[in-house]
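Asker: Dropping in coords15.json, with JSON, C-alpha atoms and all ligand atoms.
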[["chain", "number", "residue", "atom", "x", "y", "z"],
["A", 1, "MET", "CA", 109.96, 105.49, 108.04],
["A", 2, "PRO", "CA", 107.88, 107.24, 110.70],
["A", 3, "LEU", "CA", 109.64, 107.99, 113.96],
["A", 4, "LYS", "CA", 108.36, 106.90, 117.33],
["A", 5, "PHE", "CA", 107.17, 109.77, 119.45],
["A", 6, "PRO", "CA", 106.75, 108.48, 122.95],
["A", 7, "PHE", "CA", 107.24, 111.60, 125.06],
["A", 8, "ARG", "CA", 105.03, 114.65, 124.90],
["A", 9, "ALA", "CA", 107.81, 116.84, 126.29],
["A", 10, "ARG", "CA", 109.90, 116.20, 123.21],
["A", 11, "ARG", "CA", 107.32, 117.53, 120.84],
["A", 12, "GLU", "CA", 108.82, 121.03, 120.93],
["A", 13, "SER", "CA", 111.90, 119.65, 119.23],
["A", 14, "TYR", "CA", 109.85, 118.89, 116.10],
["A", 15, "PRO", "CA", 109.39, 122.07, 114.04],
["A", 16, "PRO", "CA", 105.74, 122.07, 112.81],
["A", 17, "ASP", "CA", 106.74, 123.08, 109.29],
["A", 18, "LEU", "CA", 108.78, 119.88, 109.05],
["A", 19, "TRP", "CA", 106.76, 117.41, 111.12],
["A", 20, "THR", "CA", 103.10, 116.53, 111.68],
["A", 21, "GLN", "CA", 101.80, 114.35, 114.46],
["A", 22, "CYS", "CA", 99.39, 111.68, 113.27],
["A", 23, "PRO", "CA", 96.06, 111.91, 115.14],
["A", 24, "GLY", "CA", 95.55, 108.21, 114.40],
["A", 25, "CYS", "CA", 98.65, 106.71, 116.01],
["A", 26, "GLY", "CA", 100.56, 109.63, 117.53],
["A", 27, "GLN", "CA", 103.69, 109.16, 115.45],
["A", 28, "MET", "CA", 105.59, 112.16, 114.16],
["A", 29, "LEU", "CA", 105.59, 112.14, 110.36],
["A", 30, "PHE", "CA", 108.09, 114.01, 108.24],
["A", 31, "ASN", "CA", 105.98, 116.39, 106.11],
["A", 32, "LYS", "CA", 107.86, 115.59, 102.93],
["A", 33, "HIS", "CA", 107.11, 111.89, 103.40],
["A", 34, "LEU", "CA", 103.51, 112.65, 104.30],
["A", 35, "ASP", "CA", 103.07, 114.57, 101.05],
["A", 36, "ARG", "CA", 104.79, 111.81, 99.10],
["A", 37, "ASP", "CA", 102.33, 109.32, 100.66],
["A", 38, "LEU", "CA", 99.33, 111.46, 99.53],
["A", 39, "ARG", "CA", 98.93, 112.62, 103.14],
["A", 40, "VAL", "CA", 98.19, 109.14, 104.47],
["A", 41, "CYS", "CA", 100.06, 108.00, 107.59],
["A", 42, "ALA", "CA", 102.53, 105.28, 106.62],
["A", 43, "ALA", "CA", 102.25, 103.72, 110.07],
["A", 44, "CYS", "CA", 98.49, 103.46, 110.66],
["A", 45, "GLY", "CA", 96.81, 104.48, 107.39],
["A", 46, "HIS", "CA", 95.13, 107.58, 108.82],
["A", 47, "HIS", "CA", 93.89, 109.73, 105.92],
["A", 48, "PHE", "CA", 94.61, 113.40, 106.59],
["A", 49, "ARG", "CA", 92.27, 115.98, 105.10],
["A", 50, "LEU", "CA", 93.33, 117.41, 101.76],
["A", 51, "THR", "CA", 93.09, 120.87, 100.29],
["A", 52, "ALA", "CA", 91.09, 121.12, 97.07],
["A", 53, "THR", "CA", 94.31, 121.83, 95.21],
["A", 54, "ALA", "CA", 96.04, 118.73, 96.56],
["A", 55, "ARG", "CA", 93.00, 116.58, 95.81],
["A", 56, "LEU", "CA", 92.81, 117.75, 92.22],
["A", 57, "ALA", "CA", 96.55, 117.22, 91.79],
["A", 58, "GLN", "CA", 96.24, 113.65, 93.10],
["A", 59, "LEU", "CA", 93.25, 112.66, 90.99],
["A", 60, "LEU", "CA", 93.75, 114.37, 87.66],
["A", 61, "ASP", "CA", 96.32, 113.85, 84.94],
["A", 62, "PRO", "CA", 98.96, 116.59, 85.27],
["A", 63, "GLY", "CA", 98.15, 119.83, 83.47],
["A", 64, "THR", "CA", 94.62, 118.81, 82.43],
["A", 65, "PHE", "CA", 92.56, 120.80, 84.95],
["A", 66, "SER", "CA", 90.79, 123.92, 83.73],
["A", 67, "GLU", "CA", 88.84, 125.64, 86.47],
["A", 68, "ARG", "CA", 85.41, 127.17, 85.85],
["A", 69, "ASP", "CA", 83.57, 129.92, 87.72],
["A", 70, "GLU", "CA", 86.60, 130.66, 89.90],
["A", 71, "GLY", "CA", 85.37, 134.23, 90.36],
["A", 72, "LEU", "CA", 82.17, 133.30, 92.22],
["A", 73, "ILE", "CA", 82.14, 134.86, 95.68],
["A", 74, "PRO", "CA", 79.51, 134.67, 98.42],
["A", 75, "VAL", "CA", 77.51, 137.63, 99.66],
["A", 76, "ASP", "CA", 76.39, 138.21, 103.21],
["A", 77, "PRO", "CA", 72.64, 138.62, 102.63],
["A", 78, "ILE", "CA", 71.55, 138.74, 106.26],
["A", 79, "SER", "CA", 74.68, 140.46, 107.69],
["A", 80, "PHE", "CA", 75.13, 137.45, 109.92],
["A", 81, "VAL", "CA", 77.08, 137.76, 113.15],
["A", 82, "ASP", "CA", 77.61, 135.04, 115.75],
["A", 83, "SER", "CA", 80.80, 135.16, 117.81],
["A", 84, "ARG", "CA", 82.24, 136.83, 114.74],
["A", 85, "ALA", "CA", 80.84, 138.52, 111.61],
["A", 86, "TYR", "CA", 80.36, 136.25, 108.58],
["A", 87, "ALA", "CA", 82.23, 138.79, 106.44],
["A", 88, "ASP", "CA", 85.26, 138.50, 108.76],
["A", 89, "ARG", "CA", 85.12, 134.69, 108.69],
["A", 90, "LEU", "CA", 85.06, 134.75, 104.89],
["A", 91, "GLU", "CA", 88.03, 137.07, 104.77],
["A", 92, "ALA", "CA", 90.02, 134.90, 107.20],
["A", 93, "ALA", "CA", 89.19, 131.74, 105.23],
["A", 94, "ARG", "CA", 90.28, 133.39, 101.98],
["A", 95, "THR", "CA", 93.56, 134.43, 103.51],
["A", 96, "ALA", "CA", 94.16, 130.98, 105.01],
["A", 97, "THR", "CA", 93.31, 128.94, 101.92],
["A", 98, "GLY", "CA", 93.81, 131.25, 98.92],
["A", 99, "LEU", "CA", 90.31, 130.16, 97.75],
["A", 100, "ARG", "CA", 87.26, 132.37, 97.25],
["A", 101, "ASP", "CA", 84.94, 129.75, 98.73],
["A", 102, "ALA", "CA", 84.93, 126.10, 99.78],
["A", 103, "ALA", "CA", 84.42, 124.48, 96.35],
["A", 104, "VAL", "CA", 86.47, 124.30, 93.17],
["A", 105, "TRP", "CA", 85.11, 122.87, 89.93],
["A", 106, "GLY", "CA", 86.27, 122.45, 86.37],
["A", 107, "PHE", "CA", 87.14, 119.94, 83.69],
["A", 108, "GLY", "CA", 90.12, 117.60, 83.69],
["A", 109, "SER", "CA", 91.18, 114.07, 82.82],
["A", 110, "ILE", "CA", 91.63, 110.91, 84.87],
["A", 111, "GLU", "CA", 93.88, 108.42, 83.12],
["A", 112, "GLY", "CA", 92.93, 109.99, 79.81],
["A", 113, "ARG", "CA", 89.18, 110.17, 80.46],
["A", 114, "ARG", "CA", 87.73, 113.65, 80.51],
["A", 115, "VAL", "CA", 85.47, 114.45, 83.46],
["A", 116, "ALA", "CA", 83.73, 117.33, 85.16],
["A", 117, "ILE", "CA", 84.96, 117.46, 88.74],
["A", 118, "CYS", "CA", 84.02, 119.43, 91.84],
["A", 119, "VAL", "CA", 86.07, 119.27, 95.05],
["A", 120, "LEU", "CA", 85.20, 120.66, 98.46],
["A", 121, "ASP", "CA", 87.88, 122.07, 100.76],
["A", 122, "PHE", "CA", 87.29, 121.54, 104.49],
["A", 123, "GLY", "CA", 89.88, 124.21, 105.27],
["A", 124, "PHE", "CA", 87.49, 126.90, 104.05],
["A", 125, "MET", "CA", 84.91, 127.31, 106.82],
["A", 126, "GLY", "CA", 84.65, 123.55, 107.30],
["A", 127, "GLY", "CA", 83.80, 123.00, 103.63],
["A", 128, "SER", "CA", 80.34, 124.32, 104.45],
["A", 129, "MET", "CA", 77.78, 124.72, 101.67],
["A", 130, "GLY", "CA", 76.46, 128.21, 101.11],
["A", 131, "SER", "CA", 75.22, 129.71, 97.86],
["A", 132, "VAL", "CA", 78.62, 129.51, 96.11],
["A", 133, "VAL", "CA", 79.33, 125.87, 96.96],
["A", 134, "GLY", "CA", 75.79, 124.89, 95.94],
["A", 135, "GLU", "CA", 76.07, 126.89, 92.73],
["A", 136, "LYS", "CA", 79.42, 125.32, 91.84],
["A", 137, "VAL", "CA", 78.12, 121.80, 92.45],
["A", 138, "ALA", "CA", 75.08, 122.59, 90.28],
["A", 139, "ARG", "CA", 77.23, 124.14, 87.55],
["A", 140, "ALA", "CA", 79.56, 121.15, 87.60],
["A", 141, "ALA", "CA", 76.51, 118.93, 87.04],
["A", 142, "GLU", "CA", 75.28, 121.24, 84.27],
["A", 143, "GLY", "CA", 78.75, 121.28, 82.70],
["A", 144, "ALA", "CA", 78.84, 117.48, 82.79],
["A", 145, "LEU", "CA", 75.40, 117.38, 81.19],
["A", 146, "ALA", "CA", 76.27, 119.91, 78.46],
["A", 147, "GLU", "CA", 79.41, 118.03, 77.46],
["A", 148, "SER", "CA", 78.07, 114.57, 78.26],
["A", 149, "LEU", "CA", 81.01, 113.89, 80.55],
["A", 150, "PRO", "CA", 80.97, 111.90, 83.79],
["A", 151, "LEU", "CA", 80.76, 113.97, 86.98],
["A", 152, "ILE", "CA", 82.93, 113.40, 90.04],
["A", 153, "ILE", "CA", 82.36, 115.23, 93.30],
["A", 154, "VAL", "CA", 84.75, 114.84, 96.23],
["A", 155, "SER", "CA", 83.08, 116.00, 99.44],
["A", 156, "SER", "CA", 84.65, 117.08, 102.70],
["A", 157, "SER", "CA", 82.20, 119.23, 104.57],
["A", 158, "GLY", "CA", 80.46, 119.87, 107.85],
["A", 159, "GLY", "CA", 77.17, 120.64, 106.03],
["A", 160, "ALA", "CA", 75.12, 123.72, 105.24],
["A", 161, "ARG", "CA", 76.61, 127.13, 106.04],
["A", 162, "MET", "CA", 74.37, 128.54, 108.74],
["A", 163, "GLN", "CA", 75.68, 132.05, 108.16],
["A", 164, "GLU", "CA", 73.68, 132.18, 104.92],
["A", 165, "GLY", "CA", 70.44, 131.01, 106.54],
["A", 166, "THR", "CA", 67.76, 129.86, 104.13],
["A", 167, "LEU", "CA", 69.99, 130.48, 101.12],
["A", 168, "ALA", "CA", 72.24, 127.68, 102.36],
["A", 169, "LEU", "CA", 69.32, 125.29, 102.80],
["A", 170, "MET", "CA", 68.11, 126.09, 99.27],
["A", 171, "GLN", "CA", 71.34, 124.58, 97.94],
["A", 172, "LEU", "CA", 70.09, 121.11, 98.85],
["A", 173, "VAL", "CA", 67.32, 121.51, 96.29],
["A", 174, "ILE", "CA", 69.48, 123.30, 93.71],
["A", 175, "THR", "CA", 72.21, 120.64, 93.73],
["A", 176, "LEU", "CA", 69.78, 117.72, 93.71],
["A", 177, "GLY", "CA", 67.78, 119.29, 90.88],
["A", 178, "ALA", "CA", 70.88, 119.59, 88.72],
["A", 179, "LEU", "CA", 71.91, 115.99, 89.51],
["A", 180, "ASP", "CA", 68.42, 114.79, 88.69],
["A", 181, "ARG", "CA", 68.73, 116.26, 85.19],
["A", 182, "LEU", "CA", 72.09, 114.53, 84.87],
["A", 183, "ARG", "CA", 70.57, 111.23, 85.88],
["A", 184, "ALA", "CA", 67.65, 111.65, 83.45],
["A", 185, "ALA", "CA", 70.18, 112.07, 80.65],
["A", 186, "GLY", "CA", 72.08, 108.93, 81.72],
["A", 187, "VAL", "CA", 75.31, 110.76, 82.51],
["A", 188, "PRO", "CA", 77.22, 109.04, 85.33],
["A", 189, "PHE", "CA", 77.94, 110.69, 88.67],
["A", 190, "VAL", "CA", 80.49, 109.24, 91.11],
["A", 191, "SER", "CA", 80.48, 110.65, 94.63],
["A", 192, "VAL", "CA", 83.60, 110.38, 96.80],
["A", 193, "MET", "CA", 83.09, 111.02, 100.50],
["A", 194, "ALA", "CA", 86.19, 112.08, 102.40],
["A", 195, "ASP", "CA", 86.43, 112.88, 106.10],
["A", 196, "PRO", "CA", 84.06, 114.42, 107.08],
["A", 197, "THR", "CA", 80.93, 114.36, 104.89],
["A", 198, "THR", "CA", 78.06, 115.39, 107.12],
["A", 199, "GLY", "CA", 74.94, 117.52, 107.47],
["A", 200, "GLY", "CA", 73.32, 119.10, 104.44],
["A", 201, "VAL", "CA", 76.09, 117.99, 102.08],
["A", 202, "PHE", "CA", 75.60, 114.34, 103.00],
["A", 203, "ALA", "CA", 71.82, 114.87, 102.95],
["A", 204, "SER", "CA", 71.92, 116.22, 99.39],
["A", 205, "PHE", "CA", 74.42, 115.60, 96.60],
["A", 206, "ALA", "CA", 77.10, 113.54, 98.37],
["A", 207, "SER", "CA", 74.91, 110.50, 99.03],
["A", 208, "VAL", "CA", 73.19, 110.16, 95.64],
["A", 209, "GLY", "CA", 76.00, 109.12, 93.31],
["A", 210, "ASP", "CA", 75.46, 106.32, 90.83],
["A", 211, "VAL", "CA", 78.46, 104.96, 92.71],
["A", 212, "ASN", "CA", 79.22, 106.20, 96.22],
["A", 213, "LEU", "CA", 82.82, 105.79, 97.37],
["A", 214, "ALA", "CA", 84.39, 106.71, 100.69],
["A", 215, "GLU", "CA", 87.89, 107.03, 102.05],
["A", 216, "PRO", "CA", 88.75, 104.74, 105.01],
["A", 217, "ASN", "CA", 87.45, 105.73, 108.44],
["A", 218, "ALA", "CA", 85.79, 108.91, 107.14],
["A", 219, "LEU", "CA", 83.06, 110.44, 109.32],
["A", 220, "ILE", "CA", 79.92, 110.26, 107.20],
["A", 221, "GLY", "CA", 76.40, 111.00, 108.35],
["A", 222, "PHE", "CA", 73.68, 113.58, 108.83],
["A", 223, "ALA", "CA", 73.40, 114.72, 112.45],
["A", 224, "GLY", "CA", 76.25, 114.34, 114.95],
["A", 225, "ALA", "CA", 76.53, 111.35, 117.25],
["A", 226, "ARG", "CA", 75.17, 113.18, 120.32],
["A", 227, "VAL", "CA", 72.04, 114.38, 118.50],
["A", 228, "SER", "CA", 71.51, 110.97, 116.89],
["A", 229, "ALA", "CA", 71.81, 109.18, 120.23],
["A", 230, "GLY", "CA", 69.34, 111.67, 121.75],
["A", 231, "THR", "CA", 66.87, 111.15, 118.91],
["A", 232, "ILE", "CA", 66.75, 107.36, 119.22],
["A", 233, "ALA", "CA", 67.18, 107.55, 123.02],
["A", 234, "ASP", "CA", 69.64, 104.68, 122.89],
["A", 235, "GLU", "CA", 73.36, 104.01, 122.65],
["A", 236, "LEU", "CA", 74.90, 104.14, 119.21],
["A", 237, "PRO", "CA", 76.62, 101.05, 117.81],
["A", 238, "PRO", "CA", 80.45, 101.06, 117.67],
["A", 239, "GLY", "CA", 81.87, 102.76, 114.58],
["A", 240, "PHE", "CA", 78.57, 104.57, 113.93],
["A", 241, "GLN", "CA", 78.93, 107.03, 111.00],
["A", 242, "ARG", "CA", 82.31, 105.71, 109.86],
["A", 243, "SER", "CA", 82.90, 104.50, 106.29],
["A", 244, "GLU", "CA", 83.27, 100.87, 107.36],
["A", 245, "PHE", "CA", 79.97, 100.87, 109.28],
["A", 246, "LEU", "CA", 78.15, 102.47, 106.34],
["A", 247, "LEU", "CA", 79.67, 99.97, 103.89],
["A", 248, "SER", "CA", 78.54, 97.05, 106.04],
["A", 249, "HIS", "CA", 75.01, 98.53, 106.06],
["A", 250, "GLY", "CA", 74.90, 99.05, 102.30],
["A", 251, "PHE", "CA", 74.93, 102.84, 102.36],
["A", 252, "ILE", "CA", 78.14, 103.20, 100.38],
["A", 253, "ASP", "CA", 79.46, 100.98, 97.63],
["A", 254, "ARG", "CA", 83.17, 100.78, 98.31],
["A", 255, "ILE", "CA", 85.91, 102.09, 100.58],
["A", 256, "VAL", "CA", 88.95, 103.09, 98.59],
["A", 257, "HIS", "CA", 92.40, 103.83, 99.98],
["A", 258, "ARG", "CA", 93.62, 107.18, 98.72],
["A", 259, "SER", "CA", 96.55, 105.62, 96.89],
["A", 260, "ALA", "CA", 94.07, 103.57, 94.81],
["A", 261, "LEU", "CA", 91.41, 106.25, 94.30],
["A", 262, "ARG", "CA", 92.59, 107.57, 90.95],
["A", 263, "ALA", "CA", 92.83, 104.11, 89.38],
["A", 264, "GLU", "CA", 89.51, 103.09, 90.93],
["A", 265, "LEU", "CA", 87.73, 106.13, 89.50],
["A", 266, "ALA", "CA", 89.23, 105.42, 86.07],
["A", 267, "ARG", "CA", 87.99, 101.83, 86.29],
["A", 268, "ILE", "CA", 84.48, 102.85, 87.34],
["A", 269, "LEU", "CA", 84.31, 105.45, 84.59],
["A", 270, "GLY", "CA", 85.31, 102.70, 82.18],
["A", 271, "TYR", "CA", 82.27, 100.69, 83.27],
["A", 272, "LEU", "CA", 79.81, 103.57, 83.43],
["A", 273, "ALA", "CA", 80.96, 105.58, 80.41],
["A", 274, "PRO", "CA", 82.72, 103.04, 78.19],
["A", 275, "ALA", "CA", 83.04, 105.46, 75.30],
["A", 276, "GLY", "CA", 85.01, 107.74, 77.63],
["A", 277, "GLY", "CA", 82.35, 110.45, 77.77],
["A", 278, "GLY", "CA", 81.99, 113.24, 75.23],
["A", 279, "SER", "CA", 83.05, 113.55, 71.63],
["A", 280, "GLY", "CA", 86.56, 114.69, 72.54],
["A", 281, "SER", "CA", 87.22, 111.45, 74.40],
["A", 282, "GLY", "CA", 85.67, 109.47, 71.56],
["A", 283, "THR", "CA", 88.25, 110.99, 69.24],
["A", 284, "ARG", "CA", 90.96, 110.05, 71.70],
["A", 285, "GLU", "CA", 89.75, 106.45, 71.81],
["A", 286, "ALA", "CA", 89.59, 106.32, 68.02],
["A", 287, "SER", "CA", 93.07, 107.74, 67.63],
["A", 288, "ARG", "CA", 94.41, 105.13, 70.03],
["A", 289, "GLY", "CA", 92.90, 102.27, 68.04],
["A", 301, "ZN", "ZN", 99.24, 107.23, 112.05]]
Let's see the structure in the file written out as structure tokens.
Ligand SMILES: [Zn+2]
Answerer:
Amino acid sequence: MPLKFPFRARRESYPPDLWTQCPGCGQMLFNKHLDRDLRVCAACGHHFRLTATARLAQLLDPGTFSERDEGLIPVDPISFVDSRAYADRLEAARTATGLRDAAVWGFGSIEGRRVAICVLDFGFMGGSMGSVVGEKVARAAEGALAESLPLIIVSSSGGARMQEGTLALMQLVITLGALDRLRAAGVPFVSVMADPTTGGVFASFASVGDVNLAEPNALIGFAGARVSAGTIADELPPGFQRSEFLLSHGFIDRIVHRSALRAELARILGYLAPAGGGSGSGTREASRG
């Protein structure tokens, strides 16, 4: 049961390793309960961002994930420096997240169905797509194609990683090319858009799933609201670039609460890949019968 948190002055009495304040409703949530609830606020339904590790743990059957290409690391081809050197940002992100870059991919099972899965982690430089993220998305698609397994990508990203310049922009083409080969072979791809899915990630692989799902109230779109309003020289409609707005305009297929996401993916995979994917799953189906 979440506790009421009416007075700002009392916040200091909540140790941050034990409590998190919900940005949706302001209530203080006990971290253990928040984790138990898949990091969704029990009071207002706000979906907190997830690490790649937590996302994989929530979606996949326990012990089934085998990561691929975990050793891929980005280079700093143009020695980019803004307020801080790109190399320093990478090092800080690695220390903070324990990841080598913002994407993790591999094979695993969802309710017994084997899939290729790639998950973006917003905690690593805003989940931005440089050469490693693009490469991992492409390799996940190639892995799905090689094994004839459905592909699932869970996005949470601010877009292309400007620190890699043109190399980051090239990832739009690389990822879409790999997904195009997947589509030509008739292998299903389900895209899940979590908060936020914006910029070059939205404008490339995240928005072209055979089925496009989104978590509730996720920010989804290409340019930010200020730029969009400036471009059309008009006010934006309420809820612009939120899951619910995009669903009502036909841009995404379904909004799925996090607690239902695993079962929903299993159901969709059942429709799109009724044999359960590759030969290994076929054997599983046969052995069940
Ligand atoms: Zn809340």
Asker: What's around Val201 (chain A) at 9 Å? Count all atoms listed in the file, leave out sequence neighbours fewer than 3 positions away in its own chain, and write the answer as number ranges by chain.
Answerer: A: 128-129, 155-160, 172, 197-198, 204-207, 222
Asker: Considering all atoms listed in the file, return as number ranges by chain whatever protein or nucleic-acid residues lie within 12 Å of His46 (chain A), sequence-local ones (same chain, fewer than 6 positions apart) excluded.
Answerer: A: 21-27, 29, 34, 37-40, 194-195, 215-218, 257-258
Asker: Which residues come within 12 Å of Gly165 (chain A), counting all atoms listed in the file, excluding same-chain residues fewer than 4 positions away, as a list of chain:residue names?
Answerer: A:Val75, A:Asp76, A:Pro77, A:Ile78, A:Ser79, A:Phe80, A:Val81, A:Tyr86, A:Met129, A:Gly130, A:Ser131, A:Ala160, A:Arg161, A:Leu169, A:Met170, A:Gln171
Asker: What does the structure give for the distance between CA of Arg226 (chain A) and CA of Gln241 (chain A), in Å to one decimal?
Answerer: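 Pair CA of Arg226 (chain A) / CA of Gln241 (chain A) returns 11.8 Å.
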Asker: Kindly give the distance, in Å, that separates CA of Ser109 (chain A) and CA of Gln58 (chain A), rounded to a single decimal.
Answerer: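 About the pair CA of Ser109 (chain A) and CA of Gln58 (chain A): they are 11.5 Å apart.
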Asker: Using only C-alpha atoms, which protein or nucleic acid residues come within 12 Å of Val173 (chain A)? Drop anything in the same chain fewer than 6 positions from it, and give the result as a CSV table (one decimal) with C-alpha atoms, keeping the file's coordinate frame.
Answerer:
chain,number,residue,atom,x,y,z
A,131,SER,CA,75.2,129.7,97.9
A,134,GLY,CA,75.8,124.9,95.9
A,135,GLU,CA,76.1,126.9,92.7
A,137,VAL,CA,78.1,121.8,92.4
A,138,ALA,CA,75.1,122.6,90.3
A,166,THR,CA,67.8,129.9,104.1
A,167,LEU,CA,70.0,130.5,101.1
A,179,LEU,CA,71.9,116.0,89.5
A,180,ASP,CA,68.4,114.8,88.7
A,200,GLY,CA,73.3,119.1,104.4
A,201,VAL,CA,76.1,118.0,102.1
A,203,ALA,CA,71.8,114.9,103.0
A,204,SER,CA,71.9,116.2,99.4
A,205,PHE,CA,74.4,115.6,96.6
Asker: Find, counting only C-alpha atoms and all ligand atoms, the residue in A:Met28, A:Ala225, A:Leu18, A:Leu261 that gets nearest to ligand ZN 301 (chain A).
Answerer: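 Smallest separation from ligand ZN 301 (chain A) among the options: A:Met28.
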Asker: Considering only C-alpha atoms, can you say which of A:Arg94, A:Gly239, A:His47, A:Gly112 comes closest to Ala214 (chain A)?
Answerer: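 Between A:Arg94, A:Gly239, A:His47, A:Gly112, the residue approaching Ala214 (chain A) most closely is A:His47.
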Asker: Which distance in Å separates CA of His249 (chain A) and CA of Ala273 (chain A), to one decimal?
Answerer: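 Calculated distance between CA of His249 (chain A) and CA of Ala273 (chain A) is 27.3 Å.
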Asker: Residues near Leu56 (chain A), anyone? I mean within 12 Å using all atoms listed in the file, not counting same-chain ones fewer than 4 positions away, as a CSV table (one decimal) with C-alpha atoms, keeping the file's coordinate frame.
Answerer:
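The new file part_34.csv reads:
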chain,number,residue,atom,x,y,z
A,38,LEU,CA,99.3,111.5,99.5
A,50,LEU,CA,93.3,117.4,101.8
A,51,THR,CA,93.1,120.9,100.3
A,52,ALA,CA,91.1,121.1,97.1
A,60,LEU,CA,93.8,114.4,87.7
A,61,ASP,CA,96.3,113.8,84.9
A,62,PRO,CA,99.0,116.6,85.3
A,63,GLY,CA,98.2,119.8,83.5
A,64,THR,CA,94.6,118.8,82.4
A,65,PHE,CA,92.6,120.8,85.0
A,66,SER,CA,90.8,123.9,83.7
A,67,GLU,CA,88.8,125.6,86.5
A,103,ALA,CA,84.4,124.5,96.4
A,104,VAL,CA,86.5,124.3,93.2
A,105,TRP,CA,85.1,122.9,89.9
A,106,GLY,CA,86.3,122.4,86.4
A,107,PHE,CA,87.1,119.9,83.7
A,108,GLY,CA,90.1,117.6,83.7
A,109,SER,CA,91.2,114.1,82.8
A,110,ILE,CA,91.6,110.9,84.9
A,115,VAL,CA,85.5,114.4,83.5
A,116,ALA,CA,83.7,117.3,85.2
A,117,ILE,CA,85.0,117.5,88.7
A,118,CYS,CA,84.0,119.4,91.8
A,119,VAL,CA,86.1,119.3,95.0
A,120,LEU,CA,85.2,120.7,98.5
A,121,ASP,CA,87.9,122.1,100.8
A,152,ILE,CA,82.9,113.4,90.0
A,153,ILE,CA,82.4,115.2,93.3
A,154,VAL,CA,84.8,114.8,96.2
A,261,LEU,CA,91.4,106.2,94.3
A,262,ARG,CA,92.6,107.6,91.0
Asker: Hey, which of A:Leu59, A:Gly143, A:Met193, A:Gly250 ends up closest to Glu111 (chain A)? Count all atoms listed in the file.
Answerer: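 Of A:Leu59, A:Gly143, A:Met193, A:Gly250, the one nearest Glu111 (chain A) is A:Leu59, counting all atoms listed in the file.
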Asker: Rank nothing, just name the residue among A:Phe30, A:Phe251, A:Phe240, A:Tyr14 nearest to ligand ZN 301 (chain A), using all atoms listed in the file.
Answerer: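 Counting all atoms listed in the file, the residue closest to ligand ZN 301 (chain A) is A:Phe30.
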